[in-house]
Amino acid sequence: MFFKYQQQNIKFGIMREEINKALEVLKNGGVILYPTDTVWGLGCDATNEVAVAKVNEIKGRSADKSLIILLDTDNKLQSYVNEIPEVAYQLIEYAEKPMTIVFSGAKNVAKNVNNSDGSIGIRIVKHDFCQQLLQRFRKPIVSTSANISGQPTPQFFDDIDPEIISSVDYVVNWEQEINTPKTPSTIVKLGPSGQFEFIRK
């Protein structure tokens, strides 16, 4: 029992140290490569336009494409979305797998995060590392798959292109050994009146 408790403490300490390092990079406008509740992602401060532009540059991605942002709790949605239909909370509560909801009318994020129509994709994460990082950072974090635009999405860390790894400011040393394939989130587009459609299941 003591040995197991000691192992848990060591593991918690390593995660805390990795969160501290990632946090410092995010605060300084850098880009991190980090594990999420879905695939490995490129992340940055979603309120920093320069940092967001760097993410797009690393991916070779068009700047007019919107990006997904992560939040640790649905209580924070009202800070980044103008109108939140009640059904959004039901979708989040009952989703069986990670779900990104595209809301109309984004606010308080960098302009180059939004879609051209002003909408934004938001996912509430249920993942220890991401939740603790978001709680500490107190801002939304961009999450986009860690691949060159047009290339396949890496299902685990060892699949990530070395060019991506060398381009970021920090590679999080957490869950790199997990080789269980992961898939991107379900995407639901939600209208102001509550109507919704699945864009990706």
# chains A, B, ... in the order shown; residues from 1 in each chain; ligands from 1

$ select_by_dssp --residues "segment 21-178 of chain A" --states "alpha helix (DSSP H)" --output "NGL selection string"
:A and (21-27 or 49-59 or 87-94 or 128-137 or 162-167)

$ residues_around --residues "Ile69 of chain A" --least-positions-apart "5" --cutoff "8 Å" --atoms "only C-alpha atoms" --output "ChimeraX atom specification"
/A:46,120-123,140-143

$ write_last_selection --atoms "N, CA, C and O atoms" --output "PDB file, in the first residue's frame"
ATOM      1  N   ALA A  46      -5.259  30.968 -26.427  1.00  0.00           N
ATOM      2  CA  ALA A  46      -6.291  31.246 -27.435  1.00  0.00           C
ATOM      3  C   ALA A  46      -6.672  32.726 -27.502  1.00  0.00           C
ATOM      4  O   ALA A  46      -7.442  33.129 -28.378  1.00  0.00           O
ATOM      5  N   ILE A 120     -17.156  29.536 -33.255  1.00  0.00           N
ATOM      6  CA  ILE A 120     -15.963  28.974 -32.626  1.00  0.00           C
ATOM      7  C   ILE A 120     -16.255  27.568 -32.102  1.00  0.00           C
ATOM      8  O   ILE A 120     -17.360  27.287 -31.625  1.00  0.00           O
ATOM      9  N   GLY A 121     -15.260  26.685 -32.207  1.00  0.00           N
ATOM     10  CA  GLY A 121     -15.392  25.330 -31.688  1.00  0.00           C
ATOM     11  C   GLY A 121     -14.793  25.241 -30.292  1.00  0.00           C
ATOM     12  O   GLY A 121     -13.646  25.641 -30.079  1.00  0.00           O
ATOM     13  N   ILE A 122     -15.582  24.737 -29.350  1.00  0.00           N
ATOM     14  CA  ILE A 122     -15.140  24.636 -27.957  1.00  0.00           C
ATOM     15  C   ILE A 122     -15.361  23.212 -27.437  1.00  0.00           C
ATOM     16  O   ILE A 122     -16.410  22.611 -27.658  1.00  0.00           O
ATOM     17  N   ARG A 123     -14.360  22.692 -26.742  1.00  0.00           N
ATOM     18  CA  ARG A 123     -14.504  21.383 -26.112  1.00  0.00           C
ATOM     19  C   ARG A 123     -14.212  21.497 -24.620  1.00  0.00           C
ATOM     20  O   ARG A 123     -13.206  22.106 -24.240  1.00  0.00           O
ATOM     21  N   PRO A 140      -8.599  30.029 -22.147  1.00  0.00           N
ATOM     22  CA  PRO A 140      -8.742  28.878 -23.052  1.00  0.00           C
ATOM     23  C   PRO A 140      -7.435  28.597 -23.782  1.00  0.00           C
ATOM     24  O   PRO A 140      -6.625  29.508 -24.001  1.00  0.00           O
ATOM     25  N   ILE A 141      -7.237  27.347 -24.132  1.00  0.00           N
ATOM     26  CA  ILE A 141      -6.041  26.934 -24.864  1.00  0.00           C
ATOM     27  C   ILE A 141      -6.460  26.356 -26.209  1.00  0.00           C
ATOM     28  O   ILE A 141      -7.414  25.572 -26.296  1.00  0.00           O
ATOM     29  N   VAL A 142      -5.757  26.751 -27.255  1.00  0.00           N
ATOM     30  CA  VAL A 142      -6.006  26.201 -28.591  1.00  0.00           C
ATOM     31  C   VAL A 142      -5.638  24.720 -28.600  1.00  0.00           C
ATOM     32  O   VAL A 142      -4.685  24.300 -27.945  1.00  0.00           O
ATOM     33  N   SER A 143      -6.415  23.936 -29.325  1.00  0.00           N
ATOM     34  CA  SER A 143      -6.070  22.526 -29.534  1.00  0.00           C
ATOM     35  C   SER A 143      -6.324  22.183 -30.997  1.00  0.00           C
ATOM     36  O   SER A 143      -7.459  22.223 -31.461  1.00  0.00           O
TER      37      SER A 143
END

$ residues_around --residues "Phe156 of chain A" --least-positions-apart "4" --cutoff "10 Å" --atoms "only C-alpha atoms" --output "VMD selection string"
chain A and resid 35 38 to 40 146 160 175 to 183

$ residues_around --residues "segment 105-117 of chain A" --least-positions-apart "3" --cutoff "9 Å" --atoms "only C-alpha atoms" --output "VMD selection string"
chain A and resid 45 to 50 52 to 53 63 to 69 79 to 83 120 to 121 140 142 192

$ write_last_selection --atoms "N, CA and C atoms" --output "JSON list (two decimals), in the first residue's frame"
[["chain", "number", "residue", "atom", "x", "y", "z"],
["A", 45, "ASP", "N", -2.03, 30.02, -26.14],
["A", 45, "ASP", "CA", -3.00, 30.93, -25.54],
["A", 45, "ASP", "C", -4.01, 31.34, -26.61],
["A", 46, "ALA", "N", -5.26, 30.97, -26.43],
["A", 46, "ALA", "CA", -6.29, 31.25, -27.44],
["A", 46, "ALA", "C", -6.67, 32.73, -27.50],
["A", 47, "THR", "N", -6.13, 33.54, -26.60],
["A", 47, "THR", "CA", -6.41, 34.98, -26.64],
["A", 47, "THR", "C", -5.25, 35.76, -27.26],
["A", 48, "ASN", "N", -4.18, 35.06, -27.63],
["A", 48, "ASN", "CA", -2.96, 35.69, -28.16],
["A", 48, "ASN", "C", -2.87, 35.49, -29.67],
["A", 49, "GLU", "N", -3.13, 36.54, -30.43],
["A", 49, "GLU", "CA", -3.18, 36.44, -31.89],
["A", 49, "GLU", "C", -1.85, 35.99, -32.50],
["A", 50, "VAL", "N", -0.74, 36.47, -31.94],
["A", 50, "VAL", "CA", 0.59, 36.11, -32.45],
["A", 50, "VAL", "C", 0.87, 34.62, -32.22],
["A", 52, "VAL", "N", -1.37, 32.24, -31.87],
["A", 52, "VAL", "CA", -2.26, 31.47, -32.76],
["A", 52, "VAL", "C", -1.68, 31.42, -34.18],
["A", 53, "ALA", "N", -1.14, 32.55, -34.63],
["A", 53, "ALA", "CA", -0.53, 32.60, -35.96],
["A", 53, "ALA", "C", 0.66, 31.64, -36.05],
["A", 63, "ALA", "N", -4.71, 30.59, -42.49],
["A", 63, "ALA", "CA", -5.10, 31.40, -41.34],
["A", 63, "ALA", "C", -6.60, 31.66, -41.28],
["A", 64, "ASP", "N", -7.32, 31.39, -42.37],
["A", 64, "ASP", "CA", -8.76, 31.67, -42.37],
["A", 64, "ASP", "C", -9.58, 30.49, -41.85],
["A", 65, "LYS", "N", -8.90, 29.40, -41.46],
["A", 65, "LYS", "CA", -9.60, 28.26, -40.88],
["A", 65, "LYS", "C", -9.67, 28.42, -39.37],
["A", 66, "SER", "N", -10.83, 28.08, -38.80],
["A", 66, "SER", "CA", -11.01, 28.24, -37.35],
["A", 66, "SER", "C", -10.27, 27.14, -36.59],
["A", 67, "LEU", "N", -10.04, 27.38, -35.31],
["A", 67, "LEU", "CA", -9.36, 26.42, -34.44],
["A", 67, "LEU", "C", -10.27, 26.07, -33.26],
["A", 68, "ILE", "N", -10.05, 24.92, -32.69],
["A", 68, "ILE", "CA", -10.79, 24.51, -31.50],
["A", 68, "ILE", "C", -10.09, 25.05, -30.26],
["A", 69, "ILE", "N", -10.88, 25.46, -29.27],
["A", 69, "ILE", "CA", -10.30, 25.84, -27.99],
["A", 69, "ILE", "C", -10.82, 24.91, -26.90],
["A", 79, "SER", "N", -18.05, 33.19, -20.90],
["A", 79, "SER", "CA", -16.97, 34.17, -21.09],
["A", 79, "SER", "C", -16.50, 34.23, -22.54],
["A", 80, "TYR", "N", -16.84, 33.21, -23.34],
["A", 80, "TYR", "CA", -16.29, 33.14, -24.70],
["A", 80, "TYR", "C", -17.35, 32.97, -25.80],
["A", 81, "VAL", "N", -18.62, 32.88, -25.38],
["A", 81, "VAL", "CA", -19.72, 32.73, -26.35],
["A", 81, "VAL", "C", -20.82, 33.73, -26.00],
["A", 82, "ASN", "N", -21.35, 34.40, -27.02],
["A", 82, "ASN", "CA", -22.41, 35.40, -26.78],
["A", 82, "ASN", "C", -23.70, 34.78, -26.29],
["A", 83, "GLU", "N", -24.17, 33.74, -26.96],
["A", 83, "GLU", "CA", -25.42, 33.09, -26.58],
["A", 83, "GLU", "C", -25.20, 31.58, -26.47],
["A", 120, "ILE", "N", -17.16, 29.54, -33.25],
["A", 120, "ILE", "CA", -15.96, 28.97, -32.63],
["A", 120, "ILE", "C", -16.26, 27.57, -32.10],
["A", 121, "GLY", "N", -15.26, 26.69, -32.21],
["A", 121, "GLY", "CA", -15.39, 25.33, -31.69],
["A", 121, "GLY", "C", -14.79, 25.24, -30.29],
["A", 140, "PRO", "N", -8.60, 30.03, -22.15],
["A", 140, "PRO", "CA", -8.74, 28.88, -23.05],
["A", 140, "PRO", "C", -7.43, 28.60, -23.78],
["A", 142, "VAL", "N", -5.76, 26.75, -27.25],
["A", 142, "VAL", "CA", -6.01, 26.20, -28.59],
["A", 142, "VAL", "C", -5.64, 24.72, -28.60],
["A", 192, "PRO", "N", -28.12, 29.36, -32.70],
["A", 192, "PRO", "CA", -28.55, 30.19, -31.58],
["A", 192, "PRO", "C", -29.88, 29.75, -30.96]]

$ closest_residue --among "A:Met99, A:Leu134, A:Ile58, A:Ala51" --to "Glu163 of chain A" --atoms "only C-alpha atoms"
A:Ile58

$ select_by_dssp --residues "segment 116-167 of chain A" --states "strand (DSSP E)" --output "number ranges by chain"
A: 120-124, 141-145

$ residues_around --residues "Ile19 of chain A" --least-positions-apart "3" --cutoff "8 Å" --atoms "only C-alpha atoms" --output "PDB file with N, CA, C and O atoms, in the first residue's frame"
ATOM      1  N   MET A  15       3.685  15.088 -13.224  1.00  0.00           N
ATOM      2  CA  MET A  15       2.657  15.801 -13.977  1.00  0.00           C
ATOM      3  C   MET A  15       2.633  17.275 -13.591  1.00  0.00           C
ATOM      4  O   MET A  15       2.528  18.154 -14.447  1.00  0.00           O
ATOM      5  N   ARG A  16       2.753  17.556 -12.308  1.00  0.00           N
ATOM      6  CA  ARG A  16       2.746  18.943 -11.832  1.00  0.00           C
ATOM      7  C   ARG A  16       3.919  19.733 -12.420  1.00  0.00           C
ATOM      8  O   ARG A  16       3.761  20.880 -12.830  1.00  0.00           O
ATOM      9  N   ALA A  22       4.774  23.785 -19.120  1.00  0.00           N
ATOM     10  CA  ALA A  22       3.850  24.153 -20.206  1.00  0.00           C
ATOM     11  C   ALA A  22       3.210  25.512 -19.928  1.00  0.00           C
ATOM     12  O   ALA A  22       3.036  26.331 -20.834  1.00  0.00           O
ATOM     13  N   LEU A  23       2.881  25.738 -18.678  1.00  0.00           N
ATOM     14  CA  LEU A  23       2.254  26.992 -18.259  1.00  0.00           C
ATOM     15  C   LEU A  23       3.151  28.185 -18.562  1.00  0.00           C
ATOM     16  O   LEU A  23       2.697  29.216 -19.079  1.00  0.00           O
ATOM     17  N   PHE A 129      -4.503  16.031 -17.183  1.00  0.00           N
ATOM     18  CA  PHE A 129      -3.452  16.990 -17.518  1.00  0.00           C
ATOM     19  C   PHE A 129      -4.052  18.290 -18.058  1.00  0.00           C
ATOM     20  O   PHE A 129      -3.716  19.388 -17.602  1.00  0.00           O
ATOM     21  N   GLN A 132      -6.052  20.384 -15.379  1.00  0.00           N
ATOM     22  CA  GLN A 132      -5.202  21.101 -14.425  1.00  0.00           C
ATOM     23  C   GLN A 132      -4.447  22.244 -15.093  1.00  0.00           C
ATOM     24  O   GLN A 132      -4.278  23.317 -14.509  1.00  0.00           O
ATOM     25  N   LEU A 133      -4.013  22.029 -16.330  1.00  0.00           N
ATOM     26  CA  LEU A 133      -3.325  23.092 -17.069  1.00  0.00           C
ATOM     27  C   LEU A 133      -4.267  24.264 -17.303  1.00  0.00           C
ATOM     28  O   LEU A 133      -3.896  25.432 -17.096  1.00  0.00           O
TER      29      LEU A 133
END

$ residues_around --residues "Phe196 of chain A" --least-positions-apart "6" --cutoff "12 Å" --atoms "only C-alpha atoms" --output "list in words"
Pro85, Glu86, Val87, Ala88, Leu91, Ile101, Val102, Phe103, Ser104, Ile187, Val188, Lys189 and Leu190 of chain A

$ write_last_selection --atoms "all heavy atoms" --output "short mmCIF file (atom, residue, chain, number, x, y, z; two decimals), in the first residue's frame"
data_model
loop_
_atom_site.label_atom_id
_atom_site.label_comp_id
_atom_site.auth_asym_id
_atom_site.auth_seq_id
_atom_site.Cartn_x
_atom_site.Cartn_y
_atom_site.Cartn_z
N PRO A 85 -27.30 28.23 -26.04
CA PRO A 85 -28.57 27.51 -25.94
C PRO A 85 -28.50 26.45 -24.83
O PRO A 85 -27.44 25.84 -24.63
CB PRO A 85 -28.72 26.85 -27.32
CG PRO A 85 -27.86 27.67 -28.23
CD PRO A 85 -26.71 28.12 -27.38
N GLU A 86 -29.59 26.22 -24.14
CA GLU A 86 -29.62 25.29 -23.03
C GLU A 86 -29.19 23.88 -23.43
O GLU A 86 -28.57 23.14 -22.65
CB GLU A 86 -31.03 25.24 -22.42
CG GLU A 86 -31.13 24.47 -21.11
CD GLU A 86 -30.23 25.04 -20.02
OE1 GLU A 86 -30.06 26.27 -19.95
OE2 GLU A 86 -29.70 24.22 -19.23
N VAL A 87 -29.48 23.53 -24.69
CA VAL A 87 -29.15 22.18 -25.15
C VAL A 87 -27.64 21.92 -25.14
O VAL A 87 -27.19 20.77 -25.06
CB VAL A 87 -29.74 21.93 -26.57
CG1 VAL A 87 -29.01 22.77 -27.62
CG2 VAL A 87 -29.67 20.45 -26.95
N ALA A 88 -26.85 22.98 -25.16
CA ALA A 88 -25.39 22.82 -25.14
C ALA A 88 -24.95 22.09 -23.88
O ALA A 88 -24.09 21.19 -23.93
CB ALA A 88 -24.71 24.18 -25.21
N LEU A 91 -25.82 18.41 -24.16
CA LEU A 91 -24.90 17.71 -25.05
C LEU A 91 -23.59 17.39 -24.34
O LEU A 91 -23.05 16.29 -24.45
CB LEU A 91 -24.62 18.56 -26.29
CG LEU A 91 -25.75 18.67 -27.32
CD1 LEU A 91 -25.42 19.76 -28.34
CD2 LEU A 91 -25.96 17.34 -28.05
N ILE A 101 -18.21 21.48 -29.63
CA ILE A 101 -19.43 22.16 -30.06
C ILE A 101 -19.04 23.47 -30.74
O ILE A 101 -18.27 24.26 -30.19
CB ILE A 101 -20.37 22.45 -28.87
CG1 ILE A 101 -20.78 21.13 -28.20
CG2 ILE A 101 -21.61 23.22 -29.35
CD1 ILE A 101 -21.69 21.31 -27.00
N VAL A 102 -19.57 23.68 -31.94
CA VAL A 102 -19.34 24.92 -32.68
C VAL A 102 -20.46 25.89 -32.34
O VAL A 102 -21.62 25.66 -32.68
CB VAL A 102 -19.28 24.67 -34.20
CG1 VAL A 102 -19.05 26.00 -34.93
CG2 VAL A 102 -18.17 23.68 -34.53
N PHE A 103 -20.11 26.95 -31.62
CA PHE A 103 -21.07 27.98 -31.21
C PHE A 103 -20.98 29.17 -32.16
O PHE A 103 -19.90 29.51 -32.64
CB PHE A 103 -20.75 28.48 -29.80
CG PHE A 103 -20.93 27.47 -28.71
CD1 PHE A 103 -19.87 26.67 -28.31
CD2 PHE A 103 -22.15 27.33 -28.07
CE1 PHE A 103 -20.02 25.75 -27.29
CE2 PHE A 103 -22.30 26.41 -27.04
CZ PHE A 103 -21.25 25.62 -26.65
N SER A 104 -22.10 29.85 -32.37
CA SER A 104 -22.05 31.10 -33.13
C SER A 104 -21.75 32.24 -32.14
O SER A 104 -22.07 32.14 -30.96
CB SER A 104 -23.39 31.36 -33.83
OG SER A 104 -24.46 31.36 -32.90
N ILE A 187 -17.84 16.43 -33.62
CA ILE A 187 -18.09 17.87 -33.77
C ILE A 187 -19.57 18.11 -34.04
O ILE A 187 -20.16 17.49 -34.94
CB ILE A 187 -17.25 18.48 -34.91
CG1 ILE A 187 -15.76 18.32 -34.63
CG2 ILE A 187 -17.59 19.97 -35.07
CD1 ILE A 187 -14.85 18.90 -35.70
N VAL A 188 -20.16 18.98 -33.25
CA VAL A 188 -21.57 19.34 -33.39
C VAL A 188 -21.68 20.83 -33.62
O VAL A 188 -21.07 21.63 -32.90
CB VAL A 188 -22.36 18.98 -32.11
CG1 VAL A 188 -23.82 19.39 -32.24
CG2 VAL A 188 -22.26 17.50 -31.80
N LYS A 189 -22.44 21.22 -34.64
CA LYS A 189 -22.68 22.64 -34.89
C LYS A 189 -24.01 23.01 -34.25
O LYS A 189 -25.04 22.39 -34.52
CB LYS A 189 -22.71 22.94 -36.39
CG LYS A 189 -22.78 24.44 -36.69
CD LYS A 189 -22.59 24.72 -38.16
CE LYS A 189 -22.58 26.23 -38.40
NZ LYS A 189 -22.36 26.55 -39.82
N LEU A 190 -23.97 24.04 -33.41
CA LEU A 190 -25.14 24.44 -32.63
C LEU A 190 -25.59 25.84 -33.01
O LEU A 190 -24.81 26.79 -32.97
CB LEU A 190 -24.78 24.38 -31.14
CG LEU A 190 -25.85 24.66 -30.11
CD1 LEU A 190 -27.03 23.72 -30.27
CD2 LEU A 190 -25.27 24.54 -28.71
#

$ closest_residue --among "A:Val168, A:Cys130, A:Ile148, A:Val31" --to "Leu71 of chain A" --atoms "only C-alpha atoms"
A:Cys130

$ closest_residue --among "A:Asn56, A:Gln135, A:Ser145, A:Ser166" --to "Asp37 of chain A" --atoms "only C-alpha atoms"
A:Ser145

$ atom_distance --atom1 "atom CA of Arg61 of chain A" --atom2 "atom CA of Lys76 of chain A"
28.0 Å

$ closest_residue --among "A:Tyr89, A:Lys201, A:Ser119, A:Asp128" --to "Phe12 of chain A" --atoms "only C-alpha atoms"
A:Asp128
